[in-house]
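These notes are about the structure you will find just below.
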Amino acid sequence: MIFTSPLKSNSIKIMLLGSGELGKEVAIEAQRLGLEVVAVDRYENAPAHLVAHKSYVIDMKNREQLIEVIQKEKPNYILPEIEAINIDALLEIEESGFTVIPNAKAVHKTMNRKNIRKFAHEDLGLATSKYFFVSTFKDMKESAIKIGFPVVIKPVMSSSGHGQSIAKSIDDLENSWELAKNARGDSSELIVEEFINFDYEITLLTVKNSSETVFCEPIGHIQKDGDYIFSWQPMEMSEIAKEKSKFIAKKITDGLGGRGLFGVELFVKGDEVYFSEVSPRPHDTGMVTMITQSQSEFALHLRAVLDLPLDYIFYGSGVSGAFKTQETSFSPTIQVPKNTFSKNSYFRAFGKPESHKDRRMGVVLIFDEVEKGLKQAEKLISEII
């Protein structure tokens, strides 16, 4: 592997399409390897903008704007970090010779719940919940009755759980409809799916370069309205369920192709495992790897992109907890007690330029046994203002 220096004619350059807190960590890891980082997002001073060599603010759903910035910068690798991207531009730009991670077709399949669910269940034969895709309230109601309550209702495209809800009875459907239709992303079509009474859900970070596939220890998590609150690693599970999880993760990532890190979300009930979703990029629940592994999910993502070896050391169990502000501010502050910074814990602020109710502004990381770590994380998060 030949390494270069940034801002030179021969620089190895990555472009982040989406520059939130996950993109920021990718940018920091890229800086450590001497890569030139170009961060693109829809708003100024996004977290990755603050640590990149160059930054742009564009409408990433706009085909012309997206193609223009890519052709201007000519990155070696294009890393989509969010779902809300013009896929036609990515397909076109890849066809002209640019490298999209993992590839444009994989991004297309995973950015839309309809695409990835049909691909996983109908093409690959993976076990999933029952589901229907609907575009009218009437169809949603009929689908929910066919499946049987409770049902989960989501837009086909959204991020961080926006627009997701559980309808426990027919009386909840109107509220679910309004939540989904007003979500960030594409809400022109919704997925109505069976609520699996699972024991727990996991994220299995799956990393692929050109010659190997590596799995991180499974990550357990607690979500609220589809957005992660706490995550921990490892998730205690049977060896049978663990092996089934790896089988599903490898099958879906092999099917998508390309290289990079994938966050594969799975439901587990006893020894049975069901595919839920997959993101072809670092996952928010995977922030816990910043304290549990010698190579975080962000470092592993870049290793895979550059086709480097994927070896790493798992240090031991740990917990992450998301801090969400309740304040709206154009000059946000976060008051973090000093005891958050201890021998086994610390806080990372994302540096977002604005705050609003329930916006994720930072994360607490704790290196400890899972049960103790979760109690400590809950306490520390409650003390942050």
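Each chain in the structure tokens gets a letter, A, B and so on, in the order shown; residues start at 1 in every chain, and ligands are counted from 1 in the order they appear.
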Selection: 9 Å around Ile170 in chain A, only C-alpha atoms, excl. self and same-chain fewer than 5 positions, as a list in words: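 Near neighbours after the sequence-gap exclusion: Lys141, Ala144, Ile145 and Phe149 of chain A.
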Which range 155-243 of chain A residues have any atom within 8 Å of an atom of range 285-289 of chain A, and for each, what is the nearest pair of atoms with distance in Å to one decimal, counting only C-alpha atoms, rows sorted by chain and number, as a tab-separated table?
residue	atom	partner	partner_atom	distance
A:Thr203	CA	A:Thr285	CA	7.2
A:Leu205	CA	A:Gly286	CA	7.5
A:Ile219	CA	A:Gly286	CA	7.3
A:His221	CA	A:Thr285	CA	6.8
A:Tyr228	CA	A:Thr285	CA	6.5
A:Phe230	CA	A:Thr285	CA	7.5
A:Ser231	CA	A:Thr285	CA	5.5
A:Trp232	CA	A:Val288	CA	6.5
A:Gln233	CA	A:Val288	CA	7.0
According to DSSP computed on the backbone, where in range 28-248 of chain A is there alpha helix (DSSP H)? Give the residues as a PyMOL selection string. chain A and resi 28-32+63-73+87-95+104-110+113-118+137-147+173-181+239-248
Using only C-alpha atoms, determine which residues lie at most 7 Å from Pro6 in chain A, disregarding the query and same-chain residues fewer than 6 positions distant; provide the list as a PyMOL selection string. chain A and resi 34-36
Output the selection as a short mmCIF file (atom, residue, chain, number, x, y, z; two decimals), in the first residue's frame - N, CA and C atoms for each residue.
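Below is the file that was written, part-v9.cif:
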data_model
loop_
_atom_site.label_atom_id
_atom_site.label_comp_id
_atom_site.auth_asym_id
_atom_site.auth_seq_id
_atom_site.Cartn_x
_atom_site.Cartn_y
_atom_site.Cartn_z
N GLY A 34 -3.27 9.68 6.13
CA GLY A 34 -2.77 10.64 5.15
C GLY A 34 -3.67 10.81 3.94
N LEU A 35 -4.92 10.38 4.06
CA LEU A 35 -5.85 10.53 2.95
C LEU A 35 -6.40 11.96 2.91
N GLU A 36 -6.69 12.42 1.73
CA GLU A 36 -7.36 13.71 1.59
C GLU A 36 -8.86 13.49 1.74
#
Name all residues at most 8 Å from Leu204 in chain A (count only C-alpha atoms; drop same-chain ones fewer than 4 positions away) and give them as a ChimeraX atom specification. /A:215-219,245-246,249,263-266
Any chance you could export the current selection's N, CA and C atoms as a PDB file, in the first residue's frame?
ATOM      1  N   PHE A 215     -16.075 -10.575  11.018  1.00  0.00           N
ATOM      2  CA  PHE A 215     -17.224 -10.167  11.828  1.00  0.00           C
ATOM      3  C   PHE A 215     -16.742  -9.608  13.161  1.00  0.00           C
ATOM      4  N   CYS A 216     -17.306  -8.486  13.566  1.00  0.00           N
ATOM      5  CA  CYS A 216     -17.064  -7.990  14.916  1.00  0.00           C
ATOM      6  C   CYS A 216     -17.968  -8.758  15.876  1.00  0.00           C
ATOM      7  N   GLU A 217     -17.663  -8.667  17.169  1.00  0.00           N
ATOM      8  CA  GLU A 217     -18.541  -9.282  18.163  1.00  0.00           C
ATOM      9  C   GLU A 217     -19.935  -8.651  18.048  1.00  0.00           C
ATOM     10  N   PRO A 218     -20.998  -9.450  18.174  1.00  0.00           N
ATOM     11  CA  PRO A 218     -22.351  -8.914  18.009  1.00  0.00           C
ATOM     12  C   PRO A 218     -22.642  -7.791  19.003  1.00  0.00           C
ATOM     13  N   ILE A 219     -23.398  -6.816  18.537  1.00  0.00           N
ATOM     14  CA  ILE A 219     -23.733  -5.635  19.332  1.00  0.00           C
ATOM     15  C   ILE A 219     -25.217  -5.655  19.670  1.00  0.00           C
ATOM     16  N   SER A 245     -26.336 -15.957  12.534  1.00  0.00           N
ATOM     17  CA  SER A 245     -26.208 -14.523  12.252  1.00  0.00           C
ATOM     18  C   SER A 245     -25.081 -14.262  11.261  1.00  0.00           C
ATOM     19  N   LYS A 246     -23.964 -14.929  11.462  1.00  0.00           N
ATOM     20  CA  LYS A 246     -22.833 -14.770  10.542  1.00  0.00           C
ATOM     21  C   LYS A 246     -23.187 -15.267   9.144  1.00  0.00           C
ATOM     22  N   ALA A 249     -25.422 -12.645   7.570  1.00  0.00           N
ATOM     23  CA  ALA A 249     -24.654 -11.433   7.274  1.00  0.00           C
ATOM     24  C   ALA A 249     -23.745 -11.639   6.063  1.00  0.00           C
ATOM     25  N   GLY A 263     -23.394  -2.690   8.401  1.00  0.00           N
ATOM     26  CA  GLY A 263     -24.106  -2.912   9.653  1.00  0.00           C
ATOM     27  C   GLY A 263     -25.341  -3.756   9.383  1.00  0.00           C
ATOM     28  N   VAL A 264     -25.282  -5.044   9.729  1.00  0.00           N
ATOM     29  CA  VAL A 264     -26.389  -5.964   9.455  1.00  0.00           C
ATOM     30  C   VAL A 264     -27.246  -6.078  10.710  1.00  0.00           C
ATOM     31  N   GLU A 265     -28.513  -5.690  10.598  1.00  0.00           N
ATOM     32  CA  GLU A 265     -29.428  -5.720  11.731  1.00  0.00           C
ATOM     33  C   GLU A 265     -30.266  -6.998  11.691  1.00  0.00           C
ATOM     34  N   LEU A 266     -30.328  -7.686  12.829  1.00  0.00           N
ATOM     35  CA  LEU A 266     -30.976  -8.990  12.896  1.00  0.00           C
ATOM     36  C   LEU A 266     -31.856  -9.096  14.137  1.00  0.00           C
TER      37      LEU A 266
END
Please return, as an mmCIF file with C-alpha atoms, in the first residue's frame, all residues of range 183-348 of chain A that DSSP assigns to strand (DSSP E or B) on the basis of the backbone.
data_model
loop_
_atom_site.group_PDB
_atom_site.id
_atom_site.type_symbol
_atom_site.label_atom_id
_atom_site.label_comp_id
_atom_site.auth_asym_id
_atom_site.auth_seq_id
_atom_site.Cartn_x
_atom_site.Cartn_y
_atom_site.Cartn_z
ATOM 1 C CA ASP A 186 -39.089 9.148 1.018
ATOM 2 C CA SER A 187 -42.503 8.538 2.552
ATOM 3 C CA SER A 188 -44.381 8.032 -0.707
ATOM 4 C CA GLU A 189 -44.460 4.320 0.095
ATOM 5 C CA LEU A 190 -44.548 2.558 3.455
ATOM 6 C CA ILE A 191 -43.676 -0.913 4.652
ATOM 7 C CA VAL A 192 -46.136 -2.638 6.979
ATOM 8 C CA GLU A 193 -44.432 -5.594 8.620
ATOM 9 C CA GLU A 194 -45.103 -8.242 11.189
ATOM 10 C CA TYR A 200 -33.425 -9.248 21.323
ATOM 11 C CA GLU A 201 -31.958 -7.586 18.242
ATOM 12 C CA ILE A 202 -28.349 -7.179 17.255
ATOM 13 C CA THR A 203 -26.124 -5.362 14.843
ATOM 14 C CA LEU A 204 -23.477 -7.624 13.340
ATOM 15 C CA LEU A 205 -20.751 -5.439 11.873
ATOM 16 C CA THR A 206 -19.483 -7.291 8.815
ATOM 17 C CA VAL A 207 -16.296 -6.136 7.089
ATOM 18 C CA LYS A 208 -15.218 -7.176 3.593
ATOM 19 C CA THR A 213 -14.929 -11.290 5.484
ATOM 20 C CA VAL A 214 -14.518 -10.455 9.170
ATOM 21 C CA PHE A 215 -17.224 -10.167 11.828
ATOM 22 C CA ILE A 219 -23.733 -5.635 19.332
ATOM 23 C CA GLY A 220 -26.908 -5.462 21.394
ATOM 24 C CA HIS A 221 -28.920 -2.257 21.529
ATOM 25 C CA ILE A 222 -31.910 -0.481 22.948
ATOM 26 C CA GLN A 223 -33.948 1.670 20.575
ATOM 27 C CA LYS A 224 -36.708 4.175 21.026
ATOM 28 C CA ASP A 227 -33.391 5.340 17.024
ATOM 29 C CA TYR A 228 -30.602 3.881 19.121
ATOM 30 C CA ILE A 229 -30.285 4.922 22.771
ATOM 31 C CA PHE A 230 -27.763 2.427 24.201
ATOM 32 C CA SER A 231 -25.588 -0.232 22.598
ATOM 33 C CA TRP A 232 -23.217 -2.796 24.049
ATOM 34 C CA GLN A 233 -20.688 -5.323 22.893
ATOM 35 C CA GLY A 260 -16.344 -1.911 3.169
ATOM 36 C CA LEU A 261 -18.127 -2.273 6.496
ATOM 37 C CA PHE A 262 -21.802 -3.240 6.655
ATOM 38 C CA GLY A 263 -24.106 -2.912 9.653
ATOM 39 C CA VAL A 264 -26.389 -5.964 9.455
ATOM 40 C CA GLU A 265 -29.428 -5.720 11.731
ATOM 41 C CA LEU A 266 -30.976 -8.990 12.896
ATOM 42 C CA PHE A 267 -33.804 -10.170 15.158
ATOM 43 C CA VAL A 268 -33.073 -13.167 17.388
ATOM 44 C CA LYS A 269 -35.635 -15.434 19.028
ATOM 45 C CA GLU A 272 -33.711 -18.505 15.255
ATOM 46 C CA VAL A 273 -32.417 -15.428 13.436
ATOM 47 C CA TYR A 274 -34.357 -13.089 11.116
ATOM 48 C CA PHE A 275 -32.915 -10.509 8.749
ATOM 49 C CA SER A 276 -34.115 -6.937 9.373
ATOM 50 C CA GLU A 277 -31.988 -4.358 7.539
ATOM 51 C CA VAL A 278 -28.448 -3.631 6.384
ATOM 52 C CA SER A 279 -26.483 -0.396 6.021
ATOM 53 C CA GLN A 293 -11.718 -2.692 19.767
ATOM 54 C CA PHE A 314 -11.291 -7.099 20.763
ATOM 55 C CA GLY A 318 -18.221 -1.984 26.628
ATOM 56 C CA VAL A 319 -21.273 0.249 26.337
ATOM 57 C CA SER A 320 -22.245 3.381 24.435
ATOM 58 C CA GLY A 321 -25.039 5.785 25.319
ATOM 59 C CA ALA A 322 -26.404 8.529 23.098
ATOM 60 C CA PHE A 323 -26.919 11.998 24.544
ATOM 61 C CA LYS A 324 -29.930 13.738 23.014
ATOM 62 C CA THR A 325 -30.563 17.373 23.735
ATOM 63 C CA SER A 329 -30.201 26.455 20.004
ATOM 64 C CA SER A 342 -12.687 8.472 34.190
ATOM 65 C CA SER A 345 -15.304 6.187 30.434
ATOM 66 C CA TYR A 346 -15.375 9.355 28.374
ATOM 67 C CA PHE A 347 -17.663 11.579 26.316
ATOM 68 C CA ARG A 348 -17.371 12.548 22.669
#
Show which residues sit within 12 Å of Leu124 in chain A, as a VMD selection string. Count only C-alpha atoms, and ignore same-chain residues fewer than 3 positions away. chain A and resid 116 to 121 127 to 128 247 to 256 275
File dump, residues just selected, C-alpha atoms, as a short mmCIF file (atom, residue, chain, number, x, y, z; two decimals), in the first residue's frame:
data_model
loop_
_atom_site.label_atom_id
_atom_site.label_comp_id
_atom_site.auth_asym_id
_atom_site.auth_seq_id
_atom_site.Cartn_x
_atom_site.Cartn_y
_atom_site.Cartn_z
CA ILE A 116 -33.43 -4.55 0.36
CA ARG A 117 -36.34 -6.52 1.82
CA LYS A 118 -37.31 -7.95 -1.56
CA PHE A 119 -33.65 -8.68 -2.34
CA ALA A 120 -33.02 -10.42 1.00
CA HIS A 121 -36.24 -12.42 1.14
CA ALA A 127 -35.95 -15.40 6.77
CA THR A 128 -37.72 -12.08 7.44
CA PHE A 247 -24.31 -16.92 7.79
CA ILE A 248 -27.06 -14.38 7.09
CA ALA A 249 -24.65 -11.43 7.27
CA LYS A 250 -22.23 -13.06 4.85
CA LYS A 251 -24.99 -14.03 2.45
CA ILE A 252 -26.47 -10.54 2.31
CA THR A 253 -23.10 -8.78 2.03
CA ASP A 254 -21.82 -11.24 -0.59
CA GLY A 255 -25.04 -10.61 -2.49
CA LEU A 256 -24.54 -6.86 -2.35
CA PHE A 275 -32.91 -10.51 8.75
#
Test item: residues at most 9 Å from Gly18 in chain A, only C-alpha atoms, excluding those fewer than 4 positions along its chain, as a PyMOL selection string: chain A and resi 22-23+39-42+46+48+60+79-85
When distances are computed from only C-alpha atoms, which of A:Val38, A:Ile381, A:Leu91, A:Val156 shows the smallest separation from Glu73 in chain A?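 The closest residue to Glu73 in chain A is A:Val38.
Distances to Glu236 in chain A were evaluated for A:Asn182, A:Ser176, A:Ser317, A:Thr333 using only C-alpha atoms, and the minimum falls at A:Ser317.
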Of the candidates A:Lys154, A:Lys54, A:Lys181, A:Lys375, which one gets nearest to Val37 in chain A if we count only C-alpha atoms?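 With only C-alpha atoms as the atom set, the closest residue is A:Lys54.
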Neighbouring residues of Pro47 in chain A were defined as those with any atom within 9 Å, considering only C-alpha atoms; residues of the same chain fewer than 3 positions away were excluded. Please report them as a PyMOL selection string. chain A and resi 19-24+50-51+350-353
